[in-house]
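Containing TSV, C-alpha atoms: data-v4.tsv.
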chain	number	residue	atom	x	y	z
A	10	MET	CA	21.96	92.82	7.06
A	11	SER	CA	19.39	95.18	8.46
A	12	SER	CA	17.52	92.29	10.08
A	13	LEU	CA	20.55	91.47	12.22
A	14	VAL	CA	20.91	94.86	13.84
A	15	ASN	CA	17.41	96.16	13.40
A	16	PRO	CA	16.14	97.43	16.78
A	17	SER	CA	13.09	95.24	16.46
A	18	CYS	CA	15.27	92.22	15.77
A	19	ARG	CA	16.66	91.59	19.26
A	20	GLU	CA	17.63	88.11	18.21
A	21	HIS	CA	20.26	85.70	19.44
A	22	VAL	CA	21.81	84.96	16.07
A	23	MET	CA	23.86	81.95	15.00
A	24	LEU	CA	25.96	83.28	12.14
A	25	LEU	CA	27.37	80.41	10.09
A	26	TYR	CA	30.46	81.46	8.17
A	27	ASP	CA	32.63	79.73	5.58
A	28	ASN	CA	36.01	81.25	6.50
A	29	ASP	CA	37.62	83.75	8.87
A	30	ASP	CA	37.67	86.58	6.33
A	31	GLN	CA	33.95	86.21	5.74
A	32	ARG	CA	33.30	86.07	9.50
A	33	ASN	CA	35.34	89.22	10.15
A	34	LYS	CA	33.70	91.04	7.25
A	35	VAL	CA	30.17	90.28	8.49
A	36	ALA	CA	31.10	90.99	12.12
A	37	VAL	CA	32.44	94.41	11.14
A	38	LYS	CA	29.34	95.04	8.99
A	39	CYS	CA	27.11	94.37	12.00
A	40	ILE	CA	29.22	96.65	14.21
A	41	ASN	CA	29.19	99.45	11.62
A	42	GLU	CA	25.46	99.09	11.02
A	43	GLY	CA	24.84	99.29	14.77
A	44	LEU	CA	27.04	102.38	15.07
A	45	LYS	CA	25.21	103.98	12.14
A	46	ARG	CA	21.92	103.44	13.95
A	47	GLY	CA	23.30	105.02	17.12
A	48	GLN	CA	23.37	101.71	18.96
A	49	LEU	CA	26.05	100.69	21.42
A	50	ALA	CA	28.22	98.22	19.50
A	51	VAL	CA	30.21	95.63	21.44
A	52	TYR	CA	32.95	93.73	19.69
A	53	ALA	CA	33.82	90.92	22.10
A	54	SER	CA	36.53	88.69	20.73
A	55	VAL	CA	38.97	86.07	21.92
A	56	ASN	CA	41.45	87.83	19.62
A	57	ALA	CA	40.85	91.35	20.95
A	58	SER	CA	44.15	91.42	22.83
A	59	ASP	CA	46.05	90.48	19.66
A	60	ALA	CA	47.35	93.84	18.45
A	61	SER	CA	47.84	92.85	14.81
A	62	TYR	CA	44.37	91.29	14.63
A	63	MET	CA	42.77	94.38	16.15
A	64	THR	CA	44.70	96.71	13.84
A	65	LYS	CA	43.11	94.91	10.90
A	66	VAL	CA	39.61	94.90	12.40
A	67	SER	CA	39.71	98.44	13.77
A	68	SER	CA	40.73	99.85	10.37
A	69	LYS	CA	37.40	98.57	9.01
A	70	ILE	CA	35.23	99.89	11.82
A	71	THR	CA	33.76	103.31	11.05
A	72	ASN	CA	35.46	106.10	13.03
A	73	TYR	CA	36.93	103.51	15.38
A	74	LYS	CA	38.73	105.83	17.79
A	75	GLU	CA	36.02	108.46	17.83
A	76	ASN	CA	33.35	105.84	18.53
A	77	MET	CA	35.48	104.30	21.29
A	78	ASP	CA	36.04	107.72	22.88
A	79	ARG	CA	32.34	108.55	22.74
A	80	GLY	CA	31.41	105.25	24.36
A	81	ASN	CA	29.54	104.06	21.27
A	82	LEU	CA	31.90	101.16	20.78
A	83	LEU	CA	33.22	98.74	23.35
A	84	VAL	CA	35.95	96.24	22.52
A	85	LEU	CA	36.31	93.43	25.00
A	86	SER	CA	38.84	90.63	25.15
A	87	LEU	CA	37.12	87.27	25.52
A	88	GLU	CA	40.32	85.33	26.00
A	89	PRO	CA	39.81	85.00	29.78
A	90	PHE	CA	36.13	84.19	29.16
A	91	TYR	CA	37.22	81.40	26.81
A	92	LYS	CA	39.73	79.96	29.29
A	93	ARG	CA	37.18	79.94	32.08
A	94	ALA	CA	34.44	78.55	29.83
A	95	LEU	CA	36.70	75.55	29.24
A	96	THR	CA	36.36	74.80	32.95
A	97	GLY	CA	32.61	75.41	32.97
A	98	ASP	CA	33.02	78.75	34.73
A	99	LEU	CA	30.71	81.42	33.29
A	100	GLU	CA	31.31	84.06	35.99
A	101	PRO	CA	32.89	86.55	33.53
A	102	PHE	CA	29.82	86.27	31.27
A	103	LYS	CA	27.51	86.98	34.20
A	104	ASP	CA	29.51	90.06	35.19
A	105	PHE	CA	29.58	91.23	31.58
A	106	LYS	CA	25.78	90.90	31.49
A	107	ALA	CA	25.49	93.04	34.63
A	108	LEU	CA	27.79	95.66	33.08
A	109	LEU	CA	25.85	95.73	29.83
A	110	GLU	CA	22.52	96.16	31.63
A	111	GLU	CA	23.98	99.08	33.59
A	112	VAL	CA	25.31	100.67	30.40
A	113	VAL	CA	21.86	100.39	28.79
A	114	LYS	CA	20.29	102.01	31.88
A	115	GLU	CA	22.81	104.85	31.77
A	116	ARG	CA	22.37	105.40	28.03
A	117	THR	CA	18.59	105.51	28.45
A	118	VAL	CA	18.85	108.11	31.22
A	119	ALA	CA	21.22	110.15	29.06
A	120	GLY	CA	18.73	110.08	26.17
A	121	ARG	CA	20.98	107.91	23.99
A	122	SER	CA	19.88	104.85	22.07
A	123	GLU	CA	19.07	101.97	24.38
A	124	GLU	CA	19.74	99.46	21.60
A	125	VAL	CA	22.82	97.29	21.68
A	126	VAL	CA	24.46	94.94	19.21
A	127	VAL	CA	26.97	92.44	20.57
A	128	VAL	CA	29.23	90.36	18.35
A	129	ALA	CA	30.80	87.68	20.56
A	130	ASP	CA	33.08	84.90	19.38
A	131	CYS	CA	33.82	82.84	22.51
A	132	ALA	CA	31.43	80.05	21.50
A	133	ASP	CA	32.80	80.34	17.95
A	134	ASN	CA	36.27	79.52	19.22
A	135	LEU	CA	34.90	76.67	21.33
A	136	SER	CA	33.16	75.09	18.34
A	137	LYS	CA	36.19	75.74	16.14
A	138	ASN	CA	38.30	73.84	18.67
A	139	LYS	CA	35.65	71.10	18.90
A	140	LYS	CA	34.85	71.87	22.53
A	141	PHE	CA	31.20	71.25	21.79
A	142	ASP	CA	29.94	70.56	25.32
A	143	GLU	CA	31.52	73.78	26.55
A	144	CYS	CA	30.18	75.60	23.49
A	145	VAL	CA	26.61	74.42	24.13
A	146	TYR	CA	27.00	75.40	27.78
A	147	VAL	CA	28.00	78.95	26.80
A	148	GLU	CA	25.28	79.22	24.17
A	149	ARG	CA	22.67	77.89	26.62
A	150	TRP	CA	23.67	80.68	28.98
A	151	TRP	CA	23.26	83.23	26.15
A	152	TYR	CA	19.89	81.65	25.36
A	153	GLY	CA	18.69	82.23	28.93
A	154	THR	CA	20.17	85.72	29.00
A	155	HIS	CA	18.54	86.61	25.66
A	156	PHE	CA	15.21	85.29	26.95
A	157	GLU	CA	15.51	87.40	30.10
A	158	TRP	CA	16.45	90.50	28.10
A	159	GLN	CA	13.46	90.02	25.80
A	160	LYS	CA	11.17	89.58	28.78
A	161	ASN	CA	12.53	92.81	30.29
A	162	ASN	CA	12.21	94.58	26.95
A	163	LEU	CA	15.93	95.18	26.62
A	164	LYS	CA	16.83	95.78	23.00
A	165	ILE	CA	20.00	93.74	22.80
A	166	THR	CA	20.99	91.67	19.76
A	167	ILE	CA	23.67	89.01	20.20
A	168	ILE	CA	25.49	87.73	17.12
A	169	CYS	CA	27.47	84.52	17.56
A	170	PRO	CA	29.57	83.44	14.59
A	171	HIS	CA	30.14	79.68	14.17
A	172	PRO	CA	32.32	77.82	11.65
A	173	LYS	CA	30.13	76.12	9.06
A	174	SER	CA	33.08	74.03	7.81
A	175	VAL	CA	33.43	72.36	11.23
A	176	LEU	CA	29.77	72.02	12.15
A	177	ASP	CA	28.72	70.66	8.75
A	178	LYS	CA	30.90	67.57	9.12
A	179	ASN	CA	28.77	64.46	9.51
A	180	LEU	CA	30.41	63.64	12.80
A	181	PHE	CA	29.40	66.99	14.30
A	182	VAL	CA	25.91	67.53	12.88
A	183	HIS	CA	24.39	66.61	16.23
A	184	HIS	CA	26.45	69.36	17.91
A	185	LYS	CA	25.41	71.81	15.20
A	186	GLN	CA	21.75	71.08	15.98
A	187	GLN	CA	22.37	71.45	19.71
A	188	ILE	CA	24.13	74.79	19.22
A	189	SER	CA	21.53	75.98	16.73
A	190	ARG	CA	18.71	75.22	19.20
A	191	GLN	CA	20.14	77.74	21.66
A	192	HIS	CA	19.66	80.56	19.13
A	193	SER	CA	16.53	82.35	18.00
A	194	LEU	CA	17.78	82.82	14.44
A	195	THR	CA	20.33	81.12	12.17
A	196	VAL	CA	21.86	83.16	9.36
A	197	MET	CA	24.34	82.20	6.65
A	198	ALA	CA	27.15	84.74	6.50
A	199	HIS	CA	27.32	84.61	2.70
A	200	GLN	CA	23.69	85.76	2.53
A	201	VAL	CA	24.38	88.86	4.60
A	202	LYS	CA	24.46	91.77	2.19
B	9	MET	CA	52.37	71.08	55.62
B	10	ASN	CA	50.96	72.94	52.69
B	11	HIS	CA	47.23	73.45	53.12
B	12	GLN	CA	45.37	73.97	49.86
B	13	GLN	CA	42.14	75.86	49.89
B	14	LYS	CA	39.91	75.96	46.80
B	15	GLU	CA	36.87	78.16	46.96
B	16	ASN	CA	34.96	79.63	44.04
B	17	GLY	CA	37.71	78.97	41.59
B	18	ILE	CA	40.40	80.50	43.77
B	19	THR	CA	43.17	78.15	44.72
B	20	LEU	CA	45.41	79.37	47.44
B	21	SER	CA	48.23	77.76	49.24
B	22	LYS	CA	47.90	79.10	52.79
B	23	ASN	CA	51.63	78.93	53.40
B	24	GLY	CA	52.22	80.59	50.03
B	25	VAL	CA	49.86	83.46	50.82
B	26	ILE	CA	51.34	84.01	54.24
B	27	SER	CA	54.89	84.05	52.92
B	28	SER	CA	53.88	86.37	50.03
B	29	ILE	CA	52.21	88.79	52.41
B	30	LYS	CA	55.19	88.66	54.78
B	31	LYS	CA	57.39	89.48	51.79
B	32	LEU	CA	55.09	92.34	50.82
B	33	LYS	CA	55.28	93.73	54.36
B	34	GLU	CA	59.05	93.39	54.46
B	35	ASN	CA	59.58	94.94	51.04
B	36	SER	CA	57.15	97.78	51.46
B	37	SER	CA	57.59	100.49	53.99
B	38	THR	CA	54.79	102.56	52.45
B	39	ILE	CA	51.96	100.11	53.14
B	40	ALA	CA	48.99	101.94	54.55
B	41	LYS	CA	48.61	100.03	57.80
B	42	GLU	CA	45.85	102.18	59.16
B	43	SER	CA	43.84	102.33	55.94
B	44	ARG	CA	40.25	101.26	56.35
B	45	ILE	CA	38.68	99.13	53.65
B	46	LEU	CA	35.01	98.40	53.09
B	47	LEU	CA	34.59	95.09	51.30
B	48	VAL	CA	31.21	94.01	49.90
B	49	ASP	CA	30.67	90.71	48.07
B	50	ASP	CA	27.70	88.41	48.34
B	51	GLU	CA	29.87	85.31	48.31
B	52	MET	CA	30.71	84.54	51.90
B	53	ASP	CA	33.80	82.50	50.99
B	54	ILE	CA	35.26	85.39	49.00
B	55	VAL	CA	34.48	87.82	51.82
B	56	LYS	CA	36.20	85.60	54.40
B	57	LEU	CA	39.19	84.92	52.19
B	58	TYR	CA	39.79	88.53	51.16
B	59	LYS	CA	39.07	89.93	54.60
B	60	HIS	CA	41.59	87.57	56.15
B	61	GLY	CA	44.20	88.29	53.47
B	62	LEU	CA	43.74	92.06	53.62
B	63	ARG	CA	44.00	92.07	57.40
B	64	ARG	CA	47.21	90.07	57.14
B	65	GLY	CA	48.35	92.62	54.57
B	66	GLY	CA	47.98	95.33	57.19
B	67	PHE	CA	44.62	96.82	56.34
B	68	GLU	CA	41.70	97.40	58.62
B	69	VAL	CA	38.74	95.70	56.93
B	70	GLU	CA	35.01	95.84	57.43
B	71	ALA	CA	33.34	93.23	55.24
B	72	PHE	CA	29.74	92.49	54.33
B	73	ASN	CA	28.12	89.81	52.20
B	74	ASP	CA	24.91	91.82	51.97
B	75	PRO	CA	25.00	95.18	50.14
B	76	GLU	CA	21.94	96.50	51.98
B	77	MET	CA	23.55	95.75	55.32
B	78	ALA	CA	26.78	97.36	54.15
B	79	LEU	CA	24.80	100.47	53.25
B	80	SER	CA	22.91	100.59	56.53
B	81	HIS	CA	26.25	100.49	58.39
B	82	PHE	CA	27.92	102.97	56.05
B	83	GLU	CA	29.17	106.22	57.53
B	84	PRO	CA	30.84	109.01	55.54
B	85	ASP	CA	34.63	109.36	56.05
B	86	ALA	CA	34.75	105.99	57.80
B	87	TYR	CA	36.68	104.26	55.00
B	88	ASP	CA	39.59	105.06	52.72
B	89	LEU	CA	38.45	102.65	50.04
B	90	ALA	CA	35.37	100.60	49.19
B	91	ILE	CA	35.72	97.42	47.16
B	92	LEU	CA	32.40	96.33	45.67
B	93	ASP	CA	31.43	93.23	43.74
B	94	ILE	CA	29.33	94.22	40.72
B	95	ARG	CA	26.84	91.35	40.72
B	96	MET	CA	24.93	90.88	43.94
B	97	PRO	CA	21.30	89.99	44.71
B	98	ARG	CA	18.79	92.71	45.67
B	99	MET	CA	21.27	95.54	45.11
B	100	ASN	CA	24.06	95.23	42.56
B	101	GLY	CA	27.43	96.91	42.82
B	102	PHE	CA	26.40	99.82	40.60
B	103	GLU	CA	23.35	100.58	42.76
B	104	LEU	CA	25.44	100.29	45.90
B	105	TYR	CA	28.02	102.60	44.31
B	106	ARG	CA	25.38	105.28	43.69
B	107	GLU	CA	24.03	105.01	47.22
B	108	ILE	CA	27.51	105.25	48.72
B	109	ARG	CA	28.33	108.26	46.52
B	110	LYS	CA	25.21	110.04	47.82
B	111	ARG	CA	26.58	109.61	51.34
B	112	ASP	CA	30.28	110.17	50.65
B	113	GLU	CA	31.47	111.94	47.51
B	114	GLU	CA	35.15	111.58	48.31
B	115	ILE	CA	35.50	107.90	49.09
B	116	ARG	CA	37.70	105.87	46.75
B	117	ILE	CA	35.74	103.01	45.17
B	118	CYS	CA	36.85	99.93	43.24
B	119	PHE	CA	34.72	97.33	41.53
B	120	MET	CA	35.57	93.64	41.53
B	121	THR	CA	34.72	91.90	38.28
B	122	ALA	CA	35.27	88.43	36.89
B	123	PHE	CA	36.47	89.88	33.57
B	124	GLU	CA	39.26	92.22	32.64
B	125	MET	CA	38.52	95.70	31.40
B	126	HIS	CA	40.56	98.87	31.22
B	127	LEU	CA	39.34	101.63	33.49
B	128	THR	CA	39.42	104.16	30.63
B	129	GLU	CA	37.08	101.98	28.55
B	130	PHE	CA	34.82	101.44	31.54
B	131	GLU	CA	34.58	105.20	32.07
B	132	LYS	CA	33.69	105.77	28.42
B	133	VAL	CA	30.66	103.47	28.51
B	134	LEU	CA	29.64	104.39	32.06
B	135	PRO	CA	30.60	108.07	32.31
B	136	SER	CA	28.48	108.75	35.39
B	137	ILE	CA	30.45	106.25	37.45
B	138	LYS	CA	33.80	107.40	38.79
B	139	VAL	CA	35.80	104.56	40.21
B	140	ASP	CA	39.46	104.35	41.09
B	141	GLY	CA	40.06	100.85	39.83
B	142	LEU	CA	38.72	97.58	38.53
B	143	ILE	CA	39.96	94.49	40.31
B	144	THR	CA	39.75	91.27	38.32
B	145	LYS	CA	38.73	88.17	40.26
B	146	PRO	CA	40.27	85.76	41.07
B	147	ILE	CA	43.22	87.75	42.33
B	148	HIS	CA	46.20	86.59	44.35
B	149	MET	CA	46.14	88.19	47.76
B	150	VAL	CA	49.56	89.76	47.41
B	151	ASP	CA	48.42	91.42	44.14
B	152	LEU	CA	45.24	92.65	45.80
B	153	CYS	CA	47.22	94.18	48.67
B	154	SER	CA	49.67	95.89	46.32
B	155	THR	CA	46.83	97.16	44.09
B	156	ILE	CA	45.08	98.67	47.11
B	157	GLN	CA	48.32	100.13	48.37
B	158	ARG	CA	48.94	101.77	44.98
B	159	LEU	CA	45.40	103.18	44.87
B	160	LEU	CA	45.73	104.63	48.34
B	161	ASN	CA	49.13	106.11	47.51
B	162	ASN	CA	47.58	107.76	44.42
B	163	ASN	CA	44.92	109.09	46.72
B	164	ARG	CA	47.54	110.68	48.97
B	165	ASN	CA	49.38	112.17	46.02
B	166	LYS	CA	46.14	113.77	44.83
B	167	THR	CA	45.47	115.38	48.21
Conversion result in structure tokens:
Amino acid sequence: MSSLVNPSCREHVMLLYDNDDQRNKVAVKCINEGLKRGQLAVYASVNASDASYMTKVSSKITNYKENMDRGNLLVLSLEPFYKRALTGDLEPFKDFKALLEEVVKERTVAGRSEEVVVVADCADNLSKNKKFDECVYVERWWYGTHFEWQKNNLKITIICPHPKSVLDKNLFVHHKQQISRQHSLTVMAHQVK
Amino acid sequence: MNHQQKENGITLSKNGVISSIKKLKENSSTIAKESRILLVDDEMDIVKLYKHGLRRGGFEVEAFNDPEMALSHFEPDAYDLAILDIRMPRMNGFELYREIRKRDEEIRICFMTAFEMHLTEFEKVLPSIKVDGLITKPIHMVDLCSTIQRLLNNNRNKT
């Protein structure tokens, strides 16, 4: 676990999960670990505008409301990102990147932790729905963004869950390799303690 | 004839826009016809499209596709509202925001973003930035005009 949100990690992680419960559990663990370390935690989900889904997730995030109010936690709906990614439009991602960089700058000036952990499931939903070309396109953008952040010494970790059950099918192994290549680290969710 | 215009993901029917704006004008007696808007976006097509639509909506618009040029022409109290894109080359919207604030503390400012975010959440993660609204692109012109009108009305209520 610590390797995923460790400040020195700064990886672009492919998190392979077996089922949705496991994915949510690990995602929340990463968010909570980031919050514990004083990092800015970003939970960016296609399901974030689903009230019942968020009620479940938020109940497991440490001091959810307090962390939201203090600006330690940002919850972002990726539904519009997903819809636009289906058309090859990554403009929302680029604006989100600009926002995140500004937030890091502001936190640094304010003497707060400049480290960020982002859990983002847009590509997860694309691979789940077998939109592999679009998924690789999104992950390639994250790859470039991660590379740029590393070069500029920005301490941002991006965790991208992906469904193992879909990607392990013989028919899709090629896509799994393509997606995996866009990441700097692949982690099995069941191994995350 | 219904002319379709597709630029940067924005599809507009010219006749549709014109009729929507006419409707907005007819239905709204409170529209701030003399309000002056500063619009800054590096995408020329967006600038042209929004400038045209806002003018038709009754606003006076000064538009720039270069944030540095916008800043060099900026004068305090010259505008009621500034609408800034957040991602621009050389100077992004946040930098432009800070420069404008140094010159005019009172001006109402909105950011245009390609993703949706609540203003309250934005303010929590960027507490040093005080904006009046976040406009999600692409936006239908009639919605943009009514959003601006609402912001300016809020402004009047405050003062």
In Å, rounded to a single decimal, give me how far atom CA of B:Glu103 is from atom CA of B:Glu83. 16.8 Å
What separation in Å, quoted to one decimal, exists between atom CA of B:Arg106 and atom CA of B:Met77? 15.1 Å
Could the residues of chain B within 8 Å of chain A, counting all atoms listed in the file, be given as a count of residues only, please? 13
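Checking B:Leu104, B:Ile115, B:Ile147, B:Leu46 one by one against B:Glu76, counting all atoms listed in the file, you find the shortest gap at B:Leu104.
Shortest separation to B:Arg63 among B:Asn162, B:Phe130, B:Leu92, B:Cys153 occurs at residue B:Cys153, atoms counted being only C-alpha atoms.
One distance worth recording is that between atom CA of B:Met149 and atom CA of A:Ser58, which is 25.2 Å.
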Find the spatial neighbours of A:Cys144, counting only C-alpha atoms, within a cut-off of 9 Å - ignore same-chain residues fewer than 5 positions away - and output them as a PyMOL selection string. chain A and resi 94-95+131-136+139+149+188
Just need the box for stretch 126-129 of chain B, edges along x, y and z, holding every atom the file lists for it with 3 Å tacked onto each side, so centre and edge lengths in Å to one decimal, as AutoDock Vina command-line options.
--center_x 38.8 --center_y 101.5 --center_z 31.0 --size_x 9.5 --size_y 11.3 --size_z 10.9
When you look at stretch 175-186 of chain A with a cut-off of 10 Å (counting only C-alpha atoms), what residues show up, excluding the ones that are within fewer than 5 positions of it in the same chain? I need them as number ranges by chain. A: 25, 27, 136-142, 144-145, 191
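Take the candidates B:Ile45, B:Ile108, B:Leu152, B:Met99 and check each one against B:Pro84 using only C-alpha atoms; the shortest distance goes to B:Ile108.
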Just want the 12 Å neighbourhood of stretch 110-112 of chain B, counted on all atoms listed in the file, with same-chain residues fewer than 5 positions away dropped. Output as a list in words. Leu79, Ser80, His81, Phe82, Glu83, Pro84, Asp85, Ala86, Tyr87, Asp88, Leu89, Ala90, Glu103, Leu104, Tyr105 and Ile117 of chain B
Applying 9 Å and only C-alpha atoms, which residues near A:Asp130 remain after dropping the ones on its own chain fewer than 6 positions away? List them as number ranges by chain. A: 52-56, 87, 168-171
Could I get stretch 133-157 of chain A rebuilt with N, CA and C atoms, written as a PDB file, in the coordinates of the input?
ATOM      1  N   ASP A 133      32.216  80.597  19.274  1.00  0.00           N
ATOM      2  CA  ASP A 133      32.800  80.340  17.950  1.00  0.00           C
ATOM      3  C   ASP A 133      34.135  79.608  18.114  1.00  0.00           C
ATOM      4  N   ASN A 134      34.971  80.146  19.006  1.00  0.00           N
ATOM      5  CA  ASN A 134      36.270  79.520  19.220  1.00  0.00           C
ATOM      6  C   ASN A 134      36.146  78.141  19.869  1.00  0.00           C
ATOM      7  N   LEU A 135      35.129  77.985  20.714  1.00  0.00           N
ATOM      8  CA  LEU A 135      34.900  76.670  21.330  1.00  0.00           C
ATOM      9  C   LEU A 135      34.488  75.645  20.270  1.00  0.00           C
ATOM     10  N   SER A 136      33.581  76.053  19.370  1.00  0.00           N
ATOM     11  CA  SER A 136      33.160  75.090  18.340  1.00  0.00           C
ATOM     12  C   SER A 136      34.287  74.836  17.334  1.00  0.00           C
ATOM     13  N   LYS A 137      35.057  75.897  17.047  1.00  0.00           N
ATOM     14  CA  LYS A 137      36.190  75.740  16.140  1.00  0.00           C
ATOM     15  C   LYS A 137      37.201  74.729  16.699  1.00  0.00           C
ATOM     16  N   ASN A 138      37.363  74.763  18.019  1.00  0.00           N
ATOM     17  CA  ASN A 138      38.300  73.840  18.670  1.00  0.00           C
ATOM     18  C   ASN A 138      37.627  72.548  19.139  1.00  0.00           C
ATOM     19  N   LYS A 139      36.419  72.332  18.635  1.00  0.00           N
ATOM     20  CA  LYS A 139      35.650  71.100  18.900  1.00  0.00           C
ATOM     21  C   LYS A 139      35.374  70.875  20.390  1.00  0.00           C
ATOM     22  N   LYS A 140      35.243  71.957  21.110  1.00  0.00           N
ATOM     23  CA  LYS A 140      34.850  71.870  22.530  1.00  0.00           C
ATOM     24  C   LYS A 140      33.337  72.060  22.564  1.00  0.00           C
ATOM     25  N   PHE A 141      32.635  71.076  22.030  1.00  0.00           N
ATOM     26  CA  PHE A 141      31.200  71.250  21.790  1.00  0.00           C
ATOM     27  C   PHE A 141      30.367  71.324  23.072  1.00  0.00           C
ATOM     28  N   ASP A 142      30.717  70.511  24.063  1.00  0.00           N
ATOM     29  CA  ASP A 142      29.940  70.560  25.320  1.00  0.00           C
ATOM     30  C   ASP A 142      30.049  71.943  25.957  1.00  0.00           C
ATOM     31  N   GLU A 143      31.280  72.454  25.958  1.00  0.00           N
ATOM     32  CA  GLU A 143      31.520  73.780  26.550  1.00  0.00           C
ATOM     33  C   GLU A 143      30.810  74.845  25.718  1.00  0.00           C
ATOM     34  N   CYS A 144      30.830  74.656  24.402  1.00  0.00           N
ATOM     35  CA  CYS A 144      30.180  75.600  23.490  1.00  0.00           C
ATOM     36  C   CYS A 144      28.673  75.652  23.751  1.00  0.00           C
ATOM     37  N   VAL A 145      28.060  74.474  23.878  1.00  0.00           N
ATOM     38  CA  VAL A 145      26.610  74.420  24.130  1.00  0.00           C
ATOM     39  C   VAL A 145      26.303  75.064  25.488  1.00  0.00           C
ATOM     40  N   TYR A 146      27.187  74.826  26.436  1.00  0.00           N
ATOM     41  CA  TYR A 146      27.000  75.400  27.780  1.00  0.00           C
ATOM     42  C   TYR A 146      26.984  76.939  27.711  1.00  0.00           C
ATOM     43  N   VAL A 147      27.928  77.490  26.955  1.00  0.00           N
ATOM     44  CA  VAL A 147      28.000  78.950  26.800  1.00  0.00           C
ATOM     45  C   VAL A 147      26.765  79.455  26.049  1.00  0.00           C
ATOM     46  N   GLU A 148      26.426  78.777  24.958  1.00  0.00           N
ATOM     47  CA  GLU A 148      25.280  79.220  24.170  1.00  0.00           C
ATOM     48  C   GLU A 148      23.970  79.065  24.941  1.00  0.00           C
ATOM     49  N   ARG A 149      23.879  78.058  25.793  1.00  0.00           N
ATOM     50  CA  ARG A 149      22.670  77.890  26.620  1.00  0.00           C
ATOM     51  C   ARG A 149      22.549  79.072  27.595  1.00  0.00           C
ATOM     52  N   TRP A 150      23.687  79.507  28.071  1.00  0.00           N
ATOM     53  CA  TRP A 150      23.670  80.680  28.980  1.00  0.00           C
ATOM     54  C   TRP A 150      23.190  81.922  28.207  1.00  0.00           C
ATOM     55  N   TRP A 151      23.715  82.091  26.978  1.00  0.00           N
ATOM     56  CA  TRP A 151      23.260  83.230  26.150  1.00  0.00           C
ATOM     57  C   TRP A 151      21.769  83.116  25.855  1.00  0.00           C
ATOM     58  N   TYR A 152      21.310  81.880  25.636  1.00  0.00           N
ATOM     59  CA  TYR A 152      19.890  81.650  25.360  1.00  0.00           C
ATOM     60  C   TYR A 152      19.033  82.181  26.519  1.00  0.00           C
ATOM     61  N   GLY A 153      19.421  81.791  27.731  1.00  0.00           N
ATOM     62  CA  GLY A 153      18.690  82.230  28.930  1.00  0.00           C
ATOM     63  C   GLY A 153      18.773  83.738  29.116  1.00  0.00           C
ATOM     64  N   THR A 154      19.957  84.269  28.847  1.00  0.00           N
ATOM     65  CA  THR A 154      20.170  85.720  29.000  1.00  0.00           C
ATOM     66  C   THR A 154      19.328  86.478  27.972  1.00  0.00           C
ATOM     67  N   HIS A 155      19.325  85.993  26.732  1.00  0.00           N
ATOM     68  CA  HIS A 155      18.540  86.610  25.660  1.00  0.00           C
ATOM     69  C   HIS A 155      17.046  86.582  26.013  1.00  0.00           C
ATOM     70  N   PHE A 156      16.611  85.440  26.545  1.00  0.00           N
ATOM     71  CA  PHE A 156      15.210  85.290  26.950  1.00  0.00           C
ATOM     72  C   PHE A 156      14.848  86.317  28.035  1.00  0.00           C
ATOM     73  N   GLU A 157      15.740  86.440  29.003  1.00  0.00           N
ATOM     74  CA  GLU A 157      15.510  87.400  30.100  1.00  0.00           C
ATOM     75  C   GLU A 157      15.492  88.837  29.578  1.00  0.00           C
TER      76      GLU A 157
END
